[in-house]
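K.L.:
Got a file for you: start.txt, compact mmCIF, C-alpha atoms.
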# COMPACT_ATOMS: atom_id res chain seq x y z
CA MET A 1 97.92 188.28 -118.05
CA LYS A 2 96.60 188.28 -114.50
CA THR A 3 94.60 191.34 -113.43
CA ILE A 4 94.78 192.61 -109.85
CA ASP A 5 92.49 195.22 -108.33
CA ILE A 6 95.11 197.28 -106.51
CA THR A 7 92.60 198.30 -103.83
CA THR A 8 92.37 194.69 -102.61
CA ILE A 9 96.04 194.92 -101.65
CA LEU A 10 96.52 198.58 -100.70
CA GLY A 11 93.05 200.02 -100.04
CA THR A 12 91.30 202.78 -101.91
CA GLU A 13 93.57 205.66 -100.77
CA LEU A 14 97.03 205.37 -102.31
CA LYS A 15 98.77 207.95 -100.17
CA SER A 16 102.39 206.98 -99.63
CA ARG A 17 105.58 205.71 -101.20
CA THR A 18 105.49 202.87 -98.71
CA SER A 19 102.27 201.61 -100.27
CA ALA A 20 103.91 201.33 -103.69
CA ARG A 21 106.81 199.41 -102.18
CA ASP A 22 104.35 197.15 -100.33
CA PHE A 23 102.73 196.36 -103.67
CA ALA A 24 106.10 195.44 -105.17
CA THR A 25 106.75 193.17 -102.20
CA TYR A 26 103.33 191.54 -102.62
CA LEU A 27 103.97 190.79 -106.29
CA HIS A 28 107.41 189.43 -105.44
CA ASN A 29 106.07 187.18 -102.69
CA MET A 30 103.28 185.90 -104.95
CA LYS A 31 105.85 185.29 -107.70
CA ILE A 32 103.86 187.44 -110.14
CA ASN A 33 106.10 188.65 -112.94
CA GLU A 34 103.52 190.14 -115.26
CA VAL A 35 100.30 191.81 -114.18
CA CYS A 36 97.57 194.24 -115.23
CA VAL A 37 96.74 196.58 -112.35
CA ASP A 38 93.15 197.77 -112.13
CA PHE A 39 92.75 201.23 -110.59
CA SER A 40 88.95 201.41 -110.99
CA ARG A 41 88.19 201.43 -107.26
CA VAL A 42 90.93 203.87 -106.26
CA ASN A 43 89.49 207.00 -104.61
CA SER A 44 92.62 209.08 -104.38
CA VAL A 45 96.30 208.88 -105.14
CA THR A 46 99.24 211.12 -104.28
CA ARG A 47 101.98 212.27 -106.60
CA SER A 48 104.51 210.60 -104.32
CA PHE A 49 102.75 207.26 -104.64
CA MET A 50 102.69 207.56 -108.44
CA ASP A 51 106.36 208.55 -108.48
CA GLU A 52 107.33 205.50 -106.43
CA PHE A 53 105.07 203.28 -108.57
CA TYR A 54 106.68 204.69 -111.70
CA GLN A 55 110.20 204.17 -110.35
CA LEU A 56 109.41 200.60 -109.31
CA PHE A 57 107.45 199.36 -112.31
CA LEU A 58 107.38 201.70 -115.29
CA LYS A 59 110.63 203.56 -115.67
CA ALA A 60 112.60 202.54 -118.74
CA GLY A 61 115.61 200.48 -117.84
CA LYS A 62 114.27 199.13 -114.56
CA THR A 63 115.25 195.49 -114.24
CA MET A 64 113.69 194.40 -111.00
CA ASN A 65 110.00 194.03 -110.12
CA ALA A 66 107.11 192.79 -112.19
CA SER A 67 106.10 193.98 -115.64
CA VAL A 68 102.98 196.08 -115.12
CA ASN A 69 100.15 197.46 -117.24
CA MET A 70 97.50 199.75 -115.78
CA LYS A 71 93.84 200.20 -116.55
CA ASN A 72 90.88 202.31 -115.36
CA MET A 73 93.02 205.07 -113.89
CA ASN A 74 91.01 208.12 -112.78
CA GLN A 75 91.83 211.70 -113.75
CA GLN A 76 94.02 212.26 -110.71
CA ALA A 77 96.12 209.13 -111.23
CA GLU A 78 96.54 209.86 -114.95
CA ALA A 79 97.57 213.46 -114.27
CA PHE A 80 100.11 212.49 -111.62
CA LEU A 81 101.56 209.74 -113.77
CA LYS A 82 102.00 212.15 -116.68
CA SER A 83 103.62 214.69 -114.39
CA VAL A 84 105.98 212.09 -112.96
CA GLU A 85 106.93 210.88 -116.43
CA LYS A 86 107.69 214.43 -117.59
CA THR A 87 109.83 215.31 -114.60
CA SER A 88 111.58 211.99 -114.37
CA ASP A 89 114.66 212.99 -116.33
CA LEU A 90 114.97 216.59 -115.22
CA PRO A 91 118.31 217.42 -113.56
CA ARG A 92 118.54 217.58 -109.82
CA PRO A 93 117.92 221.15 -108.65
CA ALA A 94 120.99 223.03 -107.47
CA VAL A 95 121.26 224.20 -103.90
CA GLY A 96 120.94 227.94 -103.72
CA GLY A 97 118.84 230.35 -105.76
CA SER A 98 115.09 230.54 -105.32
CA ASP A 99 112.21 232.74 -106.51
CA ASN A 100 112.98 236.13 -104.93
CA ALA A 101 114.30 234.44 -101.82
CA ARG A 102 115.43 236.63 -98.94
CA PHE A 103 117.83 235.36 -96.33
CA VAL A 104 117.37 236.74 -92.84
CA TYR A 105 119.82 236.18 -90.00
CA LEU A 106 118.55 236.91 -86.51
CA GLN A 107 120.87 236.84 -83.55
CA THR A 108 118.63 237.91 -80.69
CA VAL A 109 115.03 237.42 -79.60
CA GLN A 110 114.62 241.18 -79.91
CA GLN A 111 115.60 241.00 -83.58
CA LEU A 112 113.15 238.12 -84.02
CA ASN A 113 110.33 240.19 -82.52
CA GLU A 114 111.22 243.09 -84.81
CA TYR A 115 111.27 240.79 -87.82
CA LEU A 116 107.87 239.30 -87.01
CA GLU A 117 106.47 242.79 -86.54
CA SER A 118 107.84 243.80 -89.94
CA ILE A 119 106.09 241.00 -91.80
CA LYS A 120 102.66 241.43 -90.24
CA MET B 121 99.82 233.23 -88.76
CA ILE B 122 102.44 235.75 -87.56
CA GLU B 123 100.65 236.12 -84.24
CA GLN B 124 100.62 232.34 -83.89
CA LEU B 125 104.37 232.21 -84.59
CA ASN B 126 104.93 234.92 -82.00
CA ALA B 127 102.97 232.96 -79.44
CA LEU B 128 104.82 229.72 -80.21
CA PHE B 129 108.22 231.41 -79.88
CA ALA B 130 107.14 233.02 -76.62
CA THR B 131 106.20 229.57 -75.34
CA MET B 132 109.57 228.18 -76.43
CA ILE B 133 111.46 230.72 -74.38
CA GLY B 134 109.19 230.25 -71.40
CA LYS B 135 107.52 233.63 -71.61
CA ALA B 136 103.94 232.58 -72.16
CA ASN B 137 101.55 229.83 -71.24
CA VAL B 138 99.29 229.74 -74.22
CA GLY B 139 95.75 228.52 -73.86
CA THR B 140 94.41 229.63 -77.22
CA LYS B 141 93.18 227.29 -79.90
CA SER B 142 95.89 227.92 -82.44
CA PRO B 143 96.96 225.03 -84.68
CA LEU B 144 100.52 226.30 -84.98
CA VAL B 145 101.00 226.83 -81.24
CA CYS B 146 99.25 223.64 -80.15
CA THR B 147 101.11 221.49 -82.67
CA GLY B 148 104.42 223.10 -81.76
CA ILE B 149 103.80 222.35 -78.10
CA ALA B 150 102.84 218.77 -78.96
CA VAL B 151 106.18 218.39 -80.76
CA ILE B 152 108.16 219.79 -77.84
CA HIS B 153 106.41 217.59 -75.27
CA HIS B 154 105.67 214.57 -77.55
CA LYS B 155 102.09 214.85 -76.36
CA PRO B 156 99.15 215.16 -78.74
CA ASP B 157 95.56 215.57 -77.52
CA ILE B 158 94.47 212.33 -79.21
CA ILE B 159 96.64 209.29 -79.98
CA ALA B 160 94.67 207.95 -82.89
CA ASP B 161 96.19 204.49 -83.31
CA GLN B 162 95.49 203.48 -79.72
CA MET B 163 91.78 203.08 -80.40
CA PRO B 164 89.51 201.58 -83.08
CA LEU B 165 88.91 203.87 -86.04
CA SER B 166 85.23 204.10 -85.11
CA ALA B 167 86.16 205.46 -81.67
CA PHE B 168 88.54 207.94 -83.26
CA ASN B 169 85.75 209.19 -85.53
CA VAL B 170 83.50 209.60 -82.49
CA LEU B 171 86.20 211.65 -80.74
CA LEU B 172 86.57 213.85 -83.80
CA SER B 173 82.80 214.35 -84.01
CA GLU B 174 82.81 215.70 -80.45
CA ASN B 175 84.36 218.78 -82.01
CA HIS B 176 81.45 219.21 -84.42
CA GLU B 177 80.78 222.90 -85.06
CA GLN B 178 83.72 223.92 -82.84
CA CYS B 179 85.75 225.06 -85.88
CA TRP B 180 88.63 223.12 -84.41
CA MET B 181 90.36 219.76 -84.50
CA PRO B 182 92.63 218.99 -81.55
CA VAL B 183 96.18 217.78 -82.06
CA VAL B 184 96.00 214.20 -83.33
CA GLY B 185 99.00 211.91 -83.10
CA PHE B 186 99.35 209.41 -85.93
CA PRO B 187 101.85 206.55 -86.46
CA ALA B 188 104.68 207.61 -88.74
CA THR B 189 106.66 204.45 -89.41
CA SER B 190 106.54 202.46 -92.63
CA LYS B 191 105.07 199.51 -90.74
CA ASN B 192 101.78 201.29 -89.97
CA THR B 193 100.75 202.35 -93.47
CA ASP B 194 97.19 201.00 -93.37
CA ILE B 195 96.40 202.50 -89.98
CA ARG B 196 98.03 205.81 -90.86
CA ASN B 197 96.10 206.02 -94.15
CA ALA B 198 92.81 205.36 -92.36
CA ILE B 199 93.55 207.97 -89.69
CA THR B 200 94.68 210.54 -92.24
CA SER B 201 91.58 210.00 -94.37
CA ALA B 202 89.36 210.37 -91.30
CA ILE B 203 91.11 213.64 -90.39
CA GLU B 204 90.82 215.00 -93.92
CA ASP B 205 87.16 213.98 -94.17
CA PHE B 206 86.41 215.71 -90.85
CA VAL B 207 88.18 218.97 -91.70
CA ILE B 208 86.68 219.11 -95.19
CA SER B 209 83.17 218.37 -93.97
CA GLU B 210 83.27 220.77 -91.02
CA SER B 211 84.96 223.66 -92.83
CA GLY B 212 82.71 223.56 -95.91
CA ILE B 213 85.72 223.95 -98.18
CA ASP B 214 84.95 223.74 -101.90
CA THR B 215 85.65 220.48 -103.73
CA ASN B 216 88.54 221.84 -105.80
CA LEU B 217 90.29 223.07 -102.66
CA ALA B 218 89.42 219.92 -100.70
CA GLN B 219 91.34 217.97 -103.30
CA ALA B 220 94.35 220.22 -102.70
CA LEU B 221 94.01 219.93 -98.93
CA ARG B 222 94.16 216.15 -99.21
CA TYR B 223 97.14 216.35 -101.59
CA ILE B 224 99.15 218.72 -99.40
CA THR B 225 98.34 216.88 -96.16
CA ASP B 226 99.21 213.50 -97.67
CA GLU B 227 102.47 214.74 -99.17
CA ILE B 228 103.61 216.33 -95.91
CA ILE B 229 102.72 213.23 -93.90
CA ASP B 230 104.51 211.02 -96.44
CA ASN B 231 107.58 213.21 -95.98
CA ILE B 232 107.47 212.52 -92.26
CA THR B 233 107.30 208.78 -92.90
CA GLU B 234 110.11 208.88 -95.46
CA HIS B 235 112.53 211.27 -93.81
CA ALA B 236 111.85 212.06 -90.15
CA ASP B 237 112.79 208.68 -88.67
CA THR B 238 110.22 209.03 -85.93
CA ALA B 239 107.37 206.96 -84.54
CA GLU B 240 104.73 209.69 -84.40
CA GLY B 241 103.51 212.75 -86.25
CA TYR B 242 100.94 215.39 -85.30
CA VAL B 243 98.09 217.15 -87.09
CA CYS B 244 95.91 220.02 -85.91
CA ALA B 245 93.44 222.25 -87.75
CA ALA B 246 91.10 225.22 -87.35
CA TRP B 247 88.73 227.07 -89.67
CA ASP B 248 86.53 230.14 -89.54
CA GLY B 249 84.29 230.16 -92.61
CA ASN B 250 86.82 231.92 -94.81
CA THR B 251 90.09 230.10 -94.14
CA VAL B 252 91.27 226.67 -93.10
CA THR B 253 94.58 226.39 -91.26
CA VAL B 254 96.30 223.01 -90.98
CA CYS B 255 99.46 222.27 -89.05
CA ILE B 256 101.43 219.03 -89.45
CA ALA B 257 104.59 218.27 -87.51
CA ASP B 258 106.98 215.69 -86.17
CA ALA B 259 109.64 215.48 -83.47
CA GLY B 260 112.06 213.51 -85.62
CA LYS B 261 115.02 214.48 -87.74
CA THR B 262 115.04 218.06 -88.88
CA VAL B 263 115.23 218.79 -92.60
CA TYR B 264 118.89 219.65 -92.10
CA GLY B 265 119.39 216.36 -90.25
CA SER B 266 117.99 214.49 -93.25
CA TYR B 267 120.41 216.21 -95.63
CA VAL B 268 123.31 215.45 -93.30
CA ASP B 269 122.36 211.78 -93.32
CA GLY B 270 122.19 211.92 -97.12
CA ASP B 271 125.76 213.27 -97.24
CA PHE B 272 124.76 216.61 -98.76
CA TYR B 273 127.88 218.39 -97.54
CA GLN B 274 127.02 221.59 -99.36
CA ILE B 275 124.07 222.12 -97.01
CA TYR B 276 125.30 223.29 -93.63
CA SER B 277 122.43 224.98 -91.81
CA ASP B 278 118.72 224.62 -91.06
CA GLN B 279 118.08 227.70 -93.19
CA MET B 280 119.91 226.27 -96.22
CA ALA B 281 118.16 222.94 -95.72
CA LEU B 282 114.73 224.56 -95.94
CA GLN B 283 115.71 226.40 -99.09
CA ALA B 284 116.96 223.19 -100.69
CA ALA B 285 113.83 221.27 -99.68
CA VAL B 286 111.47 223.87 -101.12
CA SER B 287 113.55 224.00 -104.31
CA GLY B 288 112.81 220.31 -104.75
CA LEU B 289 116.14 218.77 -103.79
CA SER B 290 115.27 215.44 -102.19
CA THR B 291 117.15 214.47 -99.06
CA LYS B 292 117.41 210.97 -100.45
CA ASN B 293 120.79 210.94 -102.17
CA LEU B 294 119.86 208.03 -104.43
CA PRO B 295 120.29 207.28 -108.10
CA GLY B 296 116.99 208.17 -109.71
CA ALA B 297 116.03 210.41 -106.81
CA GLU B 298 115.81 213.35 -109.20
CA ASN B 299 112.06 212.82 -109.35
CA ARG B 300 111.67 213.06 -105.59
CA GLY B 301 111.37 216.36 -103.85
CA TYR B 302 108.20 217.48 -105.62
CA GLY B 303 105.89 217.05 -102.64
CA ILE B 304 106.92 220.22 -100.83
CA SER B 305 107.64 222.31 -103.91
CA THR B 306 104.29 221.55 -105.55
CA SER B 307 102.45 222.11 -102.26
CA VAL B 308 104.10 225.51 -101.81
CA ASP B 309 103.20 226.39 -105.40
CA MET B 310 99.57 225.45 -104.83
CA ILE B 311 99.25 227.42 -101.62
CA VAL B 312 101.12 230.55 -102.61
CA LYS B 313 100.58 230.91 -106.35
CA GLY B 314 97.36 228.97 -106.68
CA MET B 315 95.53 230.19 -103.61
CA ASP B 316 97.28 233.50 -102.70
CA SER B 317 97.76 232.05 -99.27
CA ALA B 318 100.60 231.40 -96.81
CA LEU B 319 102.81 228.65 -95.53
CA ILE B 320 105.34 228.34 -92.73
CA ILE B 321 107.97 225.65 -92.30
CA LEU B 322 109.86 225.55 -89.04
CA SER B 323 112.70 223.05 -88.63
CA GLY B 324 115.54 223.30 -86.14
CA ARG B 325 116.65 226.90 -86.24
CA GLY B 326 115.29 227.48 -89.75
CA LEU B 327 112.06 229.26 -90.58
CA LEU B 328 110.47 229.68 -93.99
CA PHE B 329 107.70 232.23 -94.28
CA ARG B 330 106.13 232.15 -97.72
CA ASP B 331 103.27 234.09 -99.19
CA VAL B 332 102.76 236.12 -102.37
CA ARG B 333 104.92 238.93 -101.05
CA ARG B 334 107.52 237.09 -99.03
CA ASN B 335 109.90 234.20 -99.53
CA ASP B 336 111.97 234.54 -96.36
CA PHE B 337 114.43 231.92 -95.20
CA THR B 338 115.35 232.90 -91.66
CA GLU B 339 117.98 231.67 -89.26
CA LEU B 340 116.42 231.94 -85.83
CA PRO B 341 118.30 233.06 -82.73
CA GLU B 342 118.99 230.87 -79.73
CA PRO B 343 117.10 229.63 -77.74
CA ILE B 344 114.44 229.25 -80.46
CA PHE B 345 114.67 225.71 -81.81
CA MET B 346 112.06 223.38 -83.27
CA PRO B 347 113.12 219.81 -82.34
CA GLY B 348 111.70 218.36 -85.55
CA THR B 349 109.77 219.89 -88.42
CA LEU B 350 106.50 221.80 -88.45
CA VAL B 351 104.55 222.81 -91.55
CA CYS B 352 101.60 225.16 -91.18
CA PHE B 353 99.52 226.32 -94.11
CA SER B 354 96.33 228.22 -94.60
CA MET B 355 93.97 228.04 -97.54
CA PRO B 356 90.74 229.76 -98.51
CA VAL B 357 87.44 227.93 -98.26
CA HIS B 358 86.44 229.25 -101.69
CA LYS B 359 88.68 229.92 -104.70
CA LEU B 360 87.06 229.87 -108.10
CA GLY B 361 89.26 228.66 -110.90
CA PHE B 362 91.78 226.88 -108.69
CA SER B 363 92.86 223.45 -109.91
CA LEU B 364 95.59 221.43 -108.30
CA TYR B 365 96.51 220.01 -111.70
CA ASN B 366 98.05 223.39 -112.58
CA HIS B 367 100.61 222.97 -109.82
CA ILE B 368 101.82 219.37 -109.82
CA GLY B 369 104.94 219.87 -111.92
CA GLY B 370 105.70 218.86 -115.49
Could you render the structure as structure tokens?

P.N.:
Amino acid sequence: MKTIDITTILGTELKSRTSARDFATYLHNMKINEVCVDFSRVNSVTRSFMDEFYQLFLKAGKTMNASVNMKNMNQQAEAFLKSVEKTSDLPRPAVGGSDNARFVYLQTVQQLNEYLESIK
Amino acid sequence: MIEQLNALFATMIGKANVGTKSPLVCTGIAVIHHKPDIIADQMPLSAFNVLLSENHEQCWMPVVGFPATSKNTDIRNAITSAIEDFVISESGIDTNLAQALRYITDEIIDNITEHADTAEGYVCAAWDGNTVTVCIADAGKTVYGSYVDGDFYQIYSDQMALQAAVSGLSTKNLPGAENRGYGISTSVDMIVKGMDSALIILSGRGLLFRDVRRNDFTELPEPIFMPGTLVCFSMPVHKLGFSLYNHIGG
């Protein structure tokens, strides 16, 4: 199986969902169907990147995109991947209801000033 | 942060001409006028770093405009990393909190790229030895506008849109989008529960003010209107025991 250092394609900071999609496009254009992705030179990764990566390459039942293994993931990448895996099948949150949320309706600038004063 | 909000609102209704170095006010004005202090992608990265370094020991980073389309990922990543490196180095923030600052900044900027449908975003920051304040904004679609485009008919105001966003409901109405929406919710959790600090989100006529005591979703009166979305958060420079891994969901 071919091994690719992901930083040679995306750089050392994996910050955005777009980057994960760019990687999928790269593999598609290079006609790579099976690959081991080396994360050893990655400095930082966001949860959003790992979520997109997971959706594109790792989620059970995905039919498009290359088959991917990963190696040398740092603590941050491992933690985000685990988090993404755990939350992947949770139901979509309902609209409405939030931790002790308060809903404030202000109709005039005077009311706004009073509100801001009250939360100082 | 309340004083900064007051000053921004006063500016919006034409009552004040603010000259103070406030990240929230300066970023809000940049959004309204589409005019940052520095347009980072119109110069080599080395020149951008030199410009940033001119603010060495000023406890301040001017409003930086960064490219926000999906076509400029490499440039945006380089600019964002340079900004984060500068703020972290200058503020002296501890390593555990620096990690969170990068996480929150990157997630908010990725939200702009994914949802705001705009060419440019803005970042500004200030620090004082105890606290770092970062403000990130865009003049694109509001949060409510994103839900409208995603056919979320049950969301019908800026206020409701903010509540939905913070709850983790992604504006992308896609199959498998259940796992989206964690960027904002985990960032809020880090700032409020992890750091005992505060966050403001201002979008259209909606305002969220969140700290340990308050979770207020406010519908603002006319003529107050943010033509885009602005997120402003503060965090301590030191916080023993904080780990971002306790707040990333799952």

K.L.:
May I have the residues of chain A within 6 Å of chain B, counting all atoms listed in the file, written as a count of residues only?

P.N.:
16

K.L.:
Quick one, how far is CA of Val68 in chain A from CA of Leu56 in chain A?

P.N.:
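For CA of Val68 in chain A relative to CA of Leu56 in chain A, the distance reads 9.8 Å.
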
K.L.:
Rounded to one decimal place, report the CA of Val183 in chain B-CA of Ala150 in chain B distance in Å.

P.N.:
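We find that CA of Val183 in chain B and CA of Ala150 in chain B lie 7.4 Å from each other.
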
K.L.:
Calculated over all atoms listed in the file, which of the candidates A:Ala24, A:Val45, A:Leu81, A:Val35 has the smallest distance to Gly11 in chain A?

P.N.:
A:Val45

K.L.:
Mind pulling up the distance from CA of Asp22 in chain A to CA of Val308 in chain B?

P.N.:
28.4 Å

K.L.:
Around the point (93.4, 204.5, -119.2), in the coordinates given by the file, pick out the residues reaching within 12 Å, counting all atoms listed in the file, and return them as a PyMOL selection string.

P.N.:
chain A and resi 36-40+69-79+81-82

K.L.:
Can you tell me, as a PyMOL selection string, what residues are no more than 12 Å from Met163 in chain B when counting all atoms listed in the file, ignoring any on the same chain fewer than 5 positions away?

P.N.:
chain B and resi 158+168-171+185-186+195+199

K.L.:
For Leu58 in chain A, list every protein, DNA or RNA residue within 10 Å, evaluated using all atoms listed in the file, and leave out those in the same chain fewer than 4 positions away; present the list as a list in words.

P.N.:
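Neighbouring residues, sequence-local ones excluded: Asp51, Glu52, Phe53, Tyr54, Lys62, Asn65, Ala66, Ser67, Val68, Asn69 and Glu85 of chain A.
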
K.L.:
Can I get range 14-35 of chain A with N, CA and C atoms filled in, as a CSV table (one decimal), in the frame of the given file?

P.N.:
chain,number,residue,atom,x,y,z
A,14,LEU,N,95.6,205.7,-102.0
A,14,LEU,CA,97.0,205.4,-102.3
A,14,LEU,C,97.9,206.6,-102.0
A,15,LYS,N,98.2,206.7,-100.7
A,15,LYS,CA,98.8,208.0,-100.2
A,15,LYS,C,100.3,208.0,-100.1
A,16,SER,N,101.0,206.9,-100.0
A,16,SER,CA,102.4,207.0,-99.6
A,16,SER,C,103.3,206.1,-100.5
A,17,ARG,N,104.6,206.5,-100.5
A,17,ARG,CA,105.6,205.7,-101.2
A,17,ARG,C,105.6,204.3,-100.6
A,18,THR,N,105.4,204.2,-99.3
A,18,THR,CA,105.5,202.9,-98.7
A,18,THR,C,104.5,201.9,-99.3
A,19,SER,N,103.3,202.5,-99.7
A,19,SER,CA,102.3,201.6,-100.3
A,19,SER,C,102.7,201.0,-101.6
A,20,ALA,N,103.4,201.8,-102.4
A,20,ALA,CA,103.9,201.3,-103.7
A,20,ALA,C,104.9,200.2,-103.5
A,21,ARG,N,105.8,200.4,-102.5
A,21,ARG,CA,106.8,199.4,-102.2
A,21,ARG,C,106.2,198.1,-101.6
A,22,ASP,N,105.1,198.3,-100.8
A,22,ASP,CA,104.4,197.2,-100.3
A,22,ASP,C,103.8,196.4,-101.5
A,23,PHE,N,103.3,197.0,-102.5
A,23,PHE,CA,102.7,196.4,-103.7
A,23,PHE,C,103.8,195.6,-104.4
A,24,ALA,N,105.0,196.2,-104.5
A,24,ALA,CA,106.1,195.4,-105.2
A,24,ALA,C,106.5,194.2,-104.4
A,25,THR,N,106.5,194.3,-103.1
A,25,THR,CA,106.8,193.2,-102.2
A,25,THR,C,105.7,192.1,-102.4
A,26,TYR,N,104.4,192.5,-102.4
A,26,TYR,CA,103.3,191.5,-102.6
A,26,TYR,C,103.5,190.8,-103.9
A,27,LEU,N,103.8,191.5,-105.0
A,27,LEU,CA,104.0,190.8,-106.3
A,27,LEU,C,105.2,189.8,-106.2
A,28,HIS,N,106.2,190.3,-105.6
A,28,HIS,CA,107.4,189.4,-105.4
A,28,HIS,C,107.1,188.2,-104.7
A,29,ASN,N,106.4,188.3,-103.5
A,29,ASN,CA,106.1,187.2,-102.7
A,29,ASN,C,105.1,186.2,-103.4
A,30,MET,N,104.2,186.7,-104.2
A,30,MET,CA,103.3,185.9,-105.0
A,30,MET,C,103.9,185.4,-106.3
A,31,LYS,N,105.1,185.7,-106.5
A,31,LYS,CA,105.8,185.3,-107.7
A,31,LYS,C,105.1,185.7,-109.0
A,32,ILE,N,104.6,186.9,-109.0
A,32,ILE,CA,103.9,187.4,-110.1
A,32,ILE,C,104.8,188.3,-110.9
A,33,ASN,N,105.1,187.9,-112.2
A,33,ASN,CA,106.1,188.6,-112.9
A,33,ASN,C,105.5,189.6,-114.0
A,34,GLU,N,104.2,189.3,-114.2
A,34,GLU,CA,103.5,190.1,-115.3
A,34,GLU,C,102.1,190.3,-114.8
A,35,VAL,N,101.6,191.6,-114.8
A,35,VAL,CA,100.3,191.8,-114.2
A,35,VAL,C,99.7,193.1,-114.8
